[in-house]
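Here is the file query_19.cif (mmCIF, C-alpha atoms).
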data_run
#
loop_
_atom_site.label_atom_id
_atom_site.label_comp_id
_atom_site.auth_asym_id
_atom_site.auth_seq_id
_atom_site.Cartn_x
_atom_site.Cartn_y
_atom_site.Cartn_z
CA MET A 1 -42.67 43.66 38.75
CA ASN A 2 -41.90 44.01 35.02
CA LYS A 3 -39.58 46.80 33.96
CA LYS A 4 -40.05 48.54 30.64
CA ILE A 5 -37.25 49.80 28.42
CA SER A 6 -37.49 52.37 25.65
CA LEU A 7 -37.68 51.36 21.98
CA GLY A 8 -34.41 53.17 21.30
CA ILE A 9 -32.54 51.14 23.91
CA ALA A 10 -34.03 47.90 22.58
CA ILE A 11 -32.92 48.73 19.06
CA SER A 12 -29.44 49.59 20.33
CA LEU A 13 -29.16 46.26 22.19
CA VAL A 14 -30.21 44.32 19.08
CA ALA A 15 -27.67 46.24 17.01
CA ILE A 16 -24.90 45.52 19.51
CA GLY A 17 -25.84 41.79 19.52
CA CYS A 18 -25.75 41.66 15.73
CA ALA A 19 -22.40 43.41 15.71
CA ILE A 20 -20.92 40.96 18.22
CA THR A 21 -22.28 38.00 16.20
CA PHE A 22 -20.84 39.46 12.99
CA VAL A 23 -17.42 39.99 14.57
CA LEU A 24 -17.29 36.46 15.99
CA THR A 25 -18.46 34.90 12.71
CA TRP A 26 -15.98 36.98 10.73
CA THR A 27 -13.12 36.02 13.07
CA VAL A 28 -13.86 32.29 12.84
CA SER A 29 -14.32 32.47 9.06
CA LEU A 30 -11.09 34.46 8.70
CA ASN A 31 -9.16 31.87 10.73
CA ILE A 32 -10.55 29.04 8.60
CA TYR A 33 -9.77 30.99 5.42
CA ASN A 34 -6.23 31.75 6.57
CA ALA A 35 -5.66 28.10 7.46
CA LYS A 36 -6.87 27.04 4.02
CA ILE A 37 -4.71 29.66 2.33
CA SER A 38 -1.70 28.52 4.36
CA SER A 39 -2.35 24.88 3.48
CA SER A 40 -2.96 25.78 -0.16
CA GLU A 41 0.26 27.80 -0.36
CA LYS A 42 2.19 24.95 1.24
CA TYR A 43 0.97 22.44 -1.33
CA GLU A 44 1.41 24.90 -4.17
CA GLY A 45 5.09 25.02 -3.17
CA VAL A 46 5.28 21.24 -3.32
CA TYR A 47 3.57 21.17 -6.72
CA ARG A 48 5.94 23.84 -8.07
CA LYS A 49 8.93 21.87 -6.85
CA LEU A 50 7.66 18.71 -8.53
CA GLN A 51 7.07 20.63 -11.75
CA GLU A 52 10.60 22.02 -11.65
CA MET A 53 12.05 18.57 -10.96
CA ASP A 54 10.00 17.04 -13.78
CA ALA A 55 11.15 19.71 -16.22
CA THR A 56 14.77 19.21 -15.16
CA VAL A 57 14.57 15.42 -15.56
CA ARG A 58 12.86 15.57 -18.95
CA SER A 59 15.45 18.08 -20.22
CA ASN A 60 18.59 16.43 -18.87
CA TYR A 61 17.98 12.73 -18.08
CA ALA A 62 19.82 10.53 -20.56
CA TYR A 63 16.87 8.15 -20.82
CA ALA A 64 14.04 10.69 -20.61
CA GLY A 65 12.35 9.09 -23.60
CA SER A 66 11.70 5.93 -21.59
CA LEU A 67 9.95 7.69 -18.71
CA SER A 68 6.52 6.34 -17.79
CA ASP A 69 4.02 8.96 -16.62
CA GLU A 70 1.99 6.24 -14.90
CA ALA A 71 5.04 4.96 -13.01
CA LEU A 72 6.00 8.49 -11.96
CA GLU A 73 2.49 9.23 -10.72
CA THR A 74 2.36 6.00 -8.72
CA SER A 75 5.78 6.70 -7.22
CA VAL A 76 4.75 10.19 -6.11
CA ILE A 77 1.62 8.79 -4.45
CA ASN A 78 3.60 5.99 -2.80
CA GLY A 79 6.04 8.59 -1.52
CA TYR A 80 3.18 10.43 0.19
CA VAL A 81 1.89 7.18 1.70
CA ALA A 82 5.38 6.36 2.97
CA GLY A 83 5.52 9.78 4.63
CA ILE A 84 2.45 8.98 6.73
CA GLY A 85 4.53 6.64 8.88
CA ASP A 86 1.92 3.87 8.80
CA LYS A 87 3.77 0.69 7.83
CA TYR A 88 0.51 -0.99 6.83
CA ALA A 89 -0.78 1.89 4.69
CA ALA A 90 -0.79 1.09 0.98
CA TYR A 91 -1.85 2.74 -2.25
CA MET A 92 -3.44 0.35 -4.73
CA PRO A 93 -3.83 1.16 -8.43
CA ALA A 94 -7.22 0.23 -9.86
CA GLN A 95 -6.16 -3.23 -11.10
CA THR A 96 -4.46 -4.11 -7.82
CA TYR A 97 -7.51 -3.02 -5.84
CA TYR A 98 -9.79 -5.03 -8.14
CA GLU A 99 -7.69 -8.15 -7.54
CA LEU A 100 -7.79 -7.56 -3.77
CA GLN A 101 -11.58 -7.27 -3.91
CA GLN A 102 -11.71 -10.60 -5.74
CA THR A 103 -9.51 -12.31 -3.17
CA SER A 104 -11.47 -10.82 -0.27
CA SER A 105 -14.73 -12.05 -1.78
CA GLY A 106 -13.33 -15.58 -1.93
CA VAL A 107 -13.26 -15.87 -5.72
CA VAL A 108 -10.69 -15.26 -8.40
CA ASN A 109 -11.14 -14.86 -12.14
CA GLY A 110 -8.65 -16.51 -14.46
CA ALA A 111 -7.26 -19.78 -15.69
CA GLY A 112 -6.44 -20.94 -12.17
CA ILE A 113 -2.75 -20.17 -11.76
CA GLU A 114 -0.52 -17.75 -9.94
CA ALA A 115 2.93 -17.10 -11.38
CA GLU A 116 5.94 -14.88 -10.84
CA GLU A 117 8.93 -13.70 -12.83
CA ASP A 118 12.06 -15.68 -11.98
CA GLY A 119 14.73 -13.57 -13.68
CA SER A 120 14.95 -15.68 -16.82
CA GLY A 121 12.30 -13.72 -18.66
CA TYR A 122 9.79 -16.53 -18.17
CA LEU A 123 7.11 -17.04 -15.52
CA LYS A 124 7.23 -19.75 -12.88
CA VAL A 125 3.92 -21.23 -11.70
CA THR A 126 3.71 -20.74 -7.92
CA TYR A 127 0.15 -21.90 -7.24
CA VAL A 128 -2.60 -23.86 -8.99
CA TYR A 129 -6.18 -23.38 -7.81
CA LYS A 130 -8.20 -26.48 -7.06
CA ASN A 131 -11.08 -27.19 -9.50
CA SER A 132 -9.62 -24.74 -12.03
CA SER A 133 -8.99 -25.14 -15.74
CA ALA A 134 -5.25 -25.23 -14.99
CA ALA A 135 -5.67 -28.01 -12.44
CA SER A 136 -7.86 -30.14 -14.70
CA ASN A 137 -5.34 -29.75 -17.55
CA GLY A 138 -2.39 -30.86 -15.43
CA VAL A 139 -0.54 -27.59 -14.79
CA LEU A 140 1.81 -28.03 -11.81
CA ILE A 141 3.61 -25.74 -9.39
CA GLY A 142 7.12 -25.21 -10.75
CA ASP A 143 6.15 -25.30 -14.43
CA MET A 144 7.84 -22.57 -16.49
CA ILE A 145 5.56 -20.57 -18.82
CA THR A 146 7.51 -19.72 -21.99
CA GLU A 147 4.74 -18.67 -24.40
CA ILE A 148 1.26 -17.16 -24.10
CA ASP A 149 -1.07 -17.61 -27.08
CA GLY A 150 1.91 -18.40 -29.31
CA ARG A 151 4.01 -15.38 -28.30
CA SER A 152 7.31 -15.81 -26.46
CA LEU A 153 7.54 -14.15 -23.06
CA LEU A 154 11.06 -13.01 -24.02
CA ALA A 155 9.45 -10.62 -26.53
CA MET A 156 7.22 -9.03 -23.87
CA GLU A 157 7.81 -6.12 -21.54
CA SER A 158 8.17 -6.85 -17.81
CA GLY A 159 4.73 -7.37 -16.28
CA ASP A 160 3.02 -7.75 -19.66
CA ALA A 161 2.92 -11.54 -19.43
CA LEU A 162 0.96 -11.52 -16.17
CA LYS A 163 -1.55 -9.08 -17.69
CA ARG A 164 -1.98 -11.38 -20.73
CA ILE A 165 -2.82 -14.34 -18.49
CA ALA A 166 -5.69 -12.37 -16.95
CA GLY A 167 -8.80 -11.87 -19.04
CA GLU A 168 -12.56 -12.13 -19.27
CA ILE A 169 -14.39 -15.20 -17.99
CA GLY A 170 -15.04 -17.70 -20.77
CA THR A 171 -12.12 -16.67 -22.99
CA LYS A 172 -9.43 -19.15 -24.01
CA LEU A 173 -5.75 -19.13 -23.17
CA THR A 174 -2.93 -21.27 -24.60
CA LEU A 175 0.29 -21.69 -22.60
CA ALA A 176 3.56 -23.28 -23.61
CA LEU A 177 5.23 -24.85 -20.58
CA VAL A 178 8.59 -26.41 -19.77
CA ARG A 179 8.66 -29.11 -17.08
CA ASP A 180 11.88 -30.99 -16.31
CA GLY A 181 13.19 -30.13 -19.77
CA GLU A 182 10.02 -31.31 -21.52
CA GLU A 183 7.90 -28.89 -23.55
CA LEU A 184 4.13 -28.98 -23.06
CA THR A 185 1.15 -27.05 -24.43
CA VAL A 186 -2.08 -26.59 -22.51
CA ASN A 187 -5.34 -24.97 -23.61
CA LEU A 188 -7.17 -23.30 -20.73
CA ILE A 189 -10.42 -21.39 -20.22
CA ARG A 190 -10.64 -18.41 -17.90
CA GLN A 191 -13.34 -18.88 -15.25
CA GLN A 192 -14.49 -17.76 -11.83
CA ILE A 193 -12.91 -19.98 -9.20
CA ASP A 194 -13.77 -20.31 -5.52
CA ILE A 195 -10.68 -19.89 -3.38
CA GLU A 196 -10.20 -22.91 -1.13
CA SER A 197 -9.10 -21.39 2.18
CA VAL A 198 -10.05 -24.34 4.43
CA THR A 199 -8.97 -27.97 4.18
CA ASP A 200 -9.47 -30.85 6.60
CA GLU A 201 -8.58 -34.46 7.31
CA MET A 202 -8.99 -36.99 10.10
CA LEU A 203 -5.80 -37.98 11.90
CA ASN A 204 -5.19 -41.11 13.93
CA GLY A 205 -6.74 -41.20 17.38
CA ASN A 206 -10.01 -39.49 16.43
CA ILE A 207 -8.27 -36.12 16.06
CA GLY A 208 -9.67 -33.82 13.41
CA TYR A 209 -7.30 -31.46 11.58
CA ILE A 210 -8.46 -28.21 9.94
CA ARG A 211 -6.10 -25.90 8.06
CA ILE A 212 -7.15 -22.28 7.45
CA SER A 213 -4.84 -20.63 4.91
CA SER A 214 -6.59 -17.22 4.79
CA PHE A 215 -9.79 -15.42 5.77
CA ASN A 216 -12.14 -14.29 3.00
CA ALA A 217 -15.91 -13.99 2.49
CA LYS A 218 -16.25 -17.74 1.85
CA THR A 219 -13.96 -18.98 4.66
CA SER A 220 -16.65 -19.14 7.35
CA GLU A 221 -18.87 -21.36 5.20
CA GLN A 222 -15.96 -23.65 4.32
CA PHE A 223 -14.92 -23.79 7.99
CA SER A 224 -18.45 -24.70 9.07
CA ASN A 225 -18.53 -27.50 6.50
CA SER A 226 -15.20 -28.82 7.78
CA LEU A 227 -16.40 -28.76 11.39
CA ASN A 228 -19.55 -30.65 10.42
CA SER A 229 -17.46 -33.20 8.52
CA MET A 230 -15.05 -33.73 11.42
CA VAL A 231 -17.86 -34.17 13.96
CA ALA A 232 -19.73 -36.55 11.64
CA ASP A 233 -16.55 -38.61 11.28
CA GLY A 234 -16.29 -38.95 15.06
CA ALA A 235 -13.62 -36.38 15.97
CA LYS A 236 -12.98 -36.30 19.73
CA ALA A 237 -10.43 -33.46 19.54
CA LEU A 238 -9.49 -30.82 17.02
CA ILE A 239 -6.31 -29.21 15.71
CA ILE A 240 -6.82 -25.87 13.95
CA ASP A 241 -3.81 -24.79 11.90
CA VAL A 242 -3.38 -21.06 11.13
CA ARG A 243 0.35 -21.21 10.40
CA GLN A 244 1.43 -18.97 7.50
CA ASN A 245 -2.04 -17.39 7.55
CA SER A 246 -1.47 -13.66 7.08
CA GLY A 247 -5.10 -12.74 7.82
CA GLY A 248 -7.68 -11.25 5.50
CA VAL A 249 -11.32 -10.31 6.04
CA ILE A 250 -11.87 -9.92 9.79
CA SER A 251 -15.67 -10.06 9.35
CA ALA A 252 -15.26 -13.80 8.65
CA LEU A 253 -14.22 -14.43 12.25
CA LYS A 254 -17.52 -13.97 14.09
CA PRO A 255 -19.49 -16.76 12.33
CA MET A 256 -16.47 -19.06 12.70
CA LEU A 257 -16.00 -18.36 16.40
CA ASN A 258 -19.76 -18.65 16.92
CA ARG A 259 -19.39 -22.35 16.05
CA ILE A 260 -16.83 -22.87 18.83
CA LEU A 261 -17.13 -20.35 21.66
CA PRO A 262 -19.81 -19.67 24.26
CA ALA A 263 -21.18 -16.12 24.46
CA ALA A 264 -18.24 -13.76 24.89
CA LEU A 265 -16.85 -10.36 24.01
CA VAL A 266 -13.91 -11.54 21.92
CA ALA A 267 -12.23 -8.33 20.75
CA THR A 268 -12.61 -4.54 20.81
CA ALA A 269 -11.44 -1.96 18.28
CA GLU A 270 -10.00 1.31 19.60
CA TYR A 271 -10.22 4.23 17.16
CA SER A 272 -8.75 7.73 17.13
CA GLY A 273 -9.45 9.67 20.29
CA GLY A 274 -9.77 6.53 22.39
CA VAL A 275 -13.23 5.62 21.05
CA LYS A 276 -13.83 1.89 21.57
CA LYS A 277 -16.30 -0.30 19.69
CA THR A 278 -17.08 -4.00 19.90
CA LEU A 279 -15.28 -5.78 17.09
CA ILE A 280 -16.30 -9.42 17.65
CA GLU A 281 -18.90 -10.77 20.08
CA THR A 282 -20.18 -14.35 19.97
CA ASP A 283 -23.79 -15.23 20.77
CA GLY A 284 -23.23 -18.66 22.36
CA GLU A 285 -26.17 -20.34 20.59
CA GLU A 286 -23.95 -23.30 19.63
CA TYR A 287 -20.41 -24.12 20.66
CA MET A 288 -17.89 -26.96 20.82
CA ASP A 289 -17.18 -29.13 23.83
CA ILE A 290 -14.11 -31.06 22.65
CA PRO A 291 -10.41 -30.29 23.25
CA ILE A 292 -8.85 -27.92 20.70
CA ALA A 293 -5.24 -26.93 20.01
CA VAL A 294 -4.12 -24.17 17.63
CA LEU A 295 -0.95 -24.23 15.51
CA VAL A 296 0.75 -20.84 14.97
CA ASP A 297 4.04 -19.50 13.63
CA GLY A 298 5.76 -16.30 12.51
CA GLY A 299 3.49 -16.13 9.47
CA THR A 300 0.34 -16.07 11.61
CA ALA A 301 -0.81 -12.43 11.48
CA SER A 302 -3.71 -10.01 11.68
CA ALA A 303 -7.11 -11.78 11.59
CA ALA A 304 -5.37 -15.14 12.15
CA GLU A 305 -3.88 -13.81 15.40
CA VAL A 306 -7.29 -12.52 16.53
CA PHE A 307 -8.73 -15.98 15.82
CA ALA A 308 -5.93 -17.75 17.72
CA VAL A 309 -5.96 -15.51 20.78
CA ALA A 310 -9.77 -15.75 20.98
CA LEU A 311 -9.57 -19.55 21.13
CA ARG A 312 -6.96 -19.33 23.88
CA ASP A 313 -8.71 -16.60 25.89
CA GLU A 314 -12.28 -17.87 25.62
CA TYR A 315 -11.88 -21.64 25.08
CA GLY A 316 -8.58 -22.45 26.77
CA ALA A 317 -7.06 -23.83 23.56
CA PRO A 318 -3.25 -23.95 23.81
CA LEU A 319 -1.18 -22.28 21.11
CA ILE A 320 1.56 -24.53 19.73
CA GLY A 321 4.43 -23.58 17.44
CA ALA A 322 6.42 -20.33 17.07
CA GLN A 323 5.74 -16.74 18.12
CA THR A 324 3.27 -15.00 15.79
CA TYR A 325 3.87 -11.90 13.67
CA GLY A 326 2.31 -9.30 15.98
CA LYS A 327 -0.20 -7.27 13.96
CA ALA A 328 -3.02 -6.07 16.20
CA VAL A 329 -4.15 -3.10 14.13
CA MET A 330 -6.98 -2.86 11.62
CA GLN A 331 -7.06 -1.14 8.24
CA SER A 332 -9.92 0.52 6.38
CA THR A 333 -9.91 0.88 2.60
CA TYR A 334 -11.01 4.05 0.82
CA GLU A 335 -11.80 3.89 -2.89
CA PHE A 336 -11.15 6.83 -5.23
CA SER A 337 -13.01 7.95 -8.34
CA ASP A 338 -10.54 6.28 -10.74
CA GLY A 339 -10.92 2.86 -9.10
CA SER A 340 -7.69 3.07 -7.10
CA ALA A 341 -7.76 2.87 -3.30
CA LEU A 342 -5.89 3.61 -0.10
CA SER A 343 -5.62 1.17 2.79
CA LEU A 344 -5.01 2.99 6.08
CA THR A 345 -4.70 1.90 9.71
CA THR A 346 -7.77 3.17 11.56
CA ALA A 347 -7.95 1.15 14.80
CA THR A 348 -6.06 -0.95 17.32
CA ILE A 349 -7.41 -4.42 18.11
CA LEU A 350 -7.66 -5.28 21.81
CA PRO A 351 -8.27 -8.93 22.83
CA SER A 352 -10.73 -9.55 25.63
CA LYS A 353 -8.29 -11.03 28.16
CA SER A 354 -4.76 -11.13 26.79
CA PRO A 355 -2.58 -8.00 26.76
CA SER A 356 -1.93 -6.24 23.47
CA TYR A 357 0.46 -8.19 21.26
CA ASP A 358 0.92 -5.56 18.55
CA GLY A 359 4.55 -5.43 17.47
CA GLU A 360 5.42 -8.42 19.67
CA GLY A 361 3.26 -11.35 18.62
CA LEU A 362 1.52 -14.05 20.60
CA LYS A 363 3.81 -16.29 22.59
CA PRO A 364 2.76 -19.93 22.17
CA ASP A 365 2.05 -22.08 25.21
CA TYR A 366 4.33 -24.71 23.68
CA LEU A 367 7.29 -23.26 21.78
CA ILE A 368 8.14 -25.87 19.15
CA GLU A 369 10.47 -25.25 16.20
CA LEU A 370 10.20 -27.02 12.86
CA PRO A 371 13.22 -28.79 11.33
CA ALA A 372 15.66 -26.29 9.78
CA GLY A 373 14.54 -25.14 6.33
CA ALA A 374 11.21 -26.96 6.58
CA SER A 375 8.02 -25.57 5.03
CA ILE A 376 4.61 -26.63 6.30
CA GLU A 377 3.38 -26.83 2.70
CA TYR A 378 5.62 -29.79 1.94
CA LEU A 379 6.39 -31.19 5.39
CA PRO A 380 5.26 -34.80 5.94
CA ARG A 381 2.88 -35.21 8.87
CA GLU A 382 5.28 -37.49 10.76
CA THR A 383 8.10 -34.91 10.71
CA ASP A 384 5.89 -31.88 11.45
CA SER A 385 7.09 -31.38 15.03
CA GLN A 386 4.46 -28.72 15.80
CA LEU A 387 1.61 -30.90 14.58
CA GLN A 388 2.98 -33.92 16.41
CA LYS A 389 3.15 -31.90 19.66
CA ALA A 390 -0.54 -31.02 19.25
CA VAL A 391 -1.36 -34.70 18.70
CA GLU A 392 0.65 -35.62 21.80
CA ILE A 393 -1.31 -33.13 23.92
CA LEU A 394 -4.76 -34.01 22.54
CA LEU A 395 -4.46 -37.79 22.15
CA PRO A 396 -5.02 -38.70 25.82
CA GLN A 397 -8.20 -36.60 25.78
CA ALA A 398 -9.43 -37.78 22.39
CA ASP A 399 -8.67 -41.48 22.92
CA PRO A 400 -8.03 -42.27 26.62
CA GLN A 401 -7.06 -45.87 25.77
CA GLN A 402 -3.92 -44.72 23.97
#
Now that the file is in, can you turn its structure into structure tokens?
Amino acid sequence: MNKKISLGIAISLVAIGCAITFVLTWTVSLNIYNAKISSSEKYEGVYRKLQEMDATVRSNYAYAGSLSDEALETSVINGYVAGIGDKYAAYMPAQTYYELQQTSSGVVNGAGIEAEEDGSGYLKVTYVYKNSSAASNGVLIGDMITEIDGRSLLAMESGDALKRIAGEIGTKLTLALVRDGEELTVNLIRQQIDIESVTDEMLNGNIGYIRISSFNAKTSEQFSNSLNSMVADGAKALIIDVRQNSGGVISALKPMLNRILPAALVATAEYSGGVKKTLIETDGEEYMDIPIAVLVDGGTASAAEVFAVALRDEYGAPLIGAQTYGKAVMQSTYEFSDGSALSLTTATILPSKSPSYDGEGLKPDYLIELPAGASIEYLPRETDSQLQKAVEILLPQADPQQ
């Protein structure tokens, strides 16, 4: 049986409901407002302190005239990033972020060299890109750059020389070099260069060798080409070398692992609040069926560790060498309106079978040290003890007659 209520009571109930809604809304809004005010006041205090410090420095510092506003701004930002407590967080000025984007895309613009200041005022060539203008004109690692376009580096401010080497594609660059006491001049052209991150060769005993120096947007294609080449040349076993590979673009891993592994959940990413998402999952449409060993060392980090542990967990490939770096966290990059960016840790990487190795590194199945002071970049194959151990393990499987 329906009960009727008077119009006056109905109006009163509606009014009470509106009042309750208003009070709740006002309370929530007031709390949000107070929180914002509190946060605003806190930062206003920080800003005032910085202003006072800046005024004090500019009035009293003996070398105030040499202050760089850009350097001060960057230092303040870096101080904030340091306060986060994330050892992998990094602020990148616009030029630095642009260069990172180039490297991640697998290309670099320039004359084909990397160089660093050595304390003498000159630049020392530390790397020459294959198929670059520098390589075709005979520039070598170790060359000292003394002049750029006719101007001595000794007359330039610190960092200015590196900026002068960079430039637009197609423009010319003249470098004066010193090599073993001999002065040389080279004329170069700035160009877009593909970064060679994968190299290969066939070793004795039908063992293919593939070195991956980094992971970028072009690495998976280069790796696939190397695999095809090794198989076509009759490889019966494979050594994959990720020593001194500090990682890079993790999205390159899936197409590479797809060429080797059967269908598998390779790695998961765990985000804030315990939310987990699949990071890498192979489809198993094509995979290898030959023995594989992986070379690792203390310079093997990040994406390279994910690659190595996936081959051990899902393919049974032994890890040979030294304990890896131990970086099982993933960063995301956020770009700002001025072209600068912030890289921030946003997830933990969990391998499918192995326990977490973050902060500890992957322990190799065969712990093999290199000769004291040796570098894999210049180590002859016959004295590379880690490589030779991999050959020793794979040779009976690759060539049973030996």
What box, with edges along x, y and z, holds each listed atom of stretch 216-231 of chain A when 3 Å is added on every side, and can you state its centre and edge lengths in Å to one decimal, as AutoDock Vina command-line options?
--center_x -15.8 --center_y -24.1 --center_z 7.9 --size_x 13.4 --size_y 26.2 --size_z 18.1
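Considering all atoms listed in the file, the residue among A:Tyr122, A:Tyr43, A:Tyr209, A:Phe215 positioned nearest to A:Ser104 is A:Phe215.
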**Item:** Residue members of the PyMOL selection byres ((chain A and resi 76-79) around 12) in the file shown, as a PyMOL selection string
**Value:** chain A and resi 46-47+50+54+69-75+80-87+89-93+340-343
**Asked** On this structure, which residues satisfy the PyMOL selection byres ((chain A and resi 368) around 8), written as number ranges by chain?
**Response** A: 320-322, 366-367, 369-370, 385-386, 389
Applied to the shown file, which residues does the PyMOL selection byres ((chain A and resi 207) around 7) return, written as a compact mmCIF listing (two decimals) with C-alpha atoms, in the coordinates of the input?
# COMPACT_ATOMS: atom_id res chain seq x y z
CA MET A 202 -8.99 -36.99 10.10
CA LEU A 203 -5.80 -37.98 11.90
CA ASN A 204 -5.19 -41.11 13.93
CA GLY A 205 -6.74 -41.20 17.38
CA ASN A 206 -10.01 -39.49 16.43
CA GLY A 208 -9.67 -33.82 13.41
CA TYR A 209 -7.30 -31.46 11.58
CA ALA A 235 -13.62 -36.38 15.97
CA LYS A 236 -12.98 -36.30 19.73
CA ALA A 237 -10.43 -33.46 19.54
CA LEU A 238 -9.49 -30.82 17.02
CA ALA A 398 -9.43 -37.78 22.39
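Residues surrounding A:Arg58 within 12 Å are Gln51, Glu52, Ala64, Gly65, Ser66, Leu67, Ser68 and Asp69 of chain A [all atoms listed in the file; sequence separation below 6 positions excluded].
The gap separating atom CA of A:Val391 from atom CA of A:Val128 is 29.8 Å, in Å to one decimal.
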**Message:** I'd like the neighbourhood of stretch 299-303 of chain A as a VMD selection string, where a residue qualifies if any of its atoms comes within 8 Å (using only C-alpha atoms), though same-chain residues fewer than 5 positions away should be ignored.
**Reply:** chain A and resid 215 242 to 250 253 324 to 330
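With distances restricted to all atoms listed in the file, A:Gly274 is the closest residue to A:Thr348 from A:Pro262, A:Pro396, A:Gly274, A:Pro318.
We find atom CA of A:Ile193 and atom CA of A:Thr333 to be spaced 24.2 Å apart.
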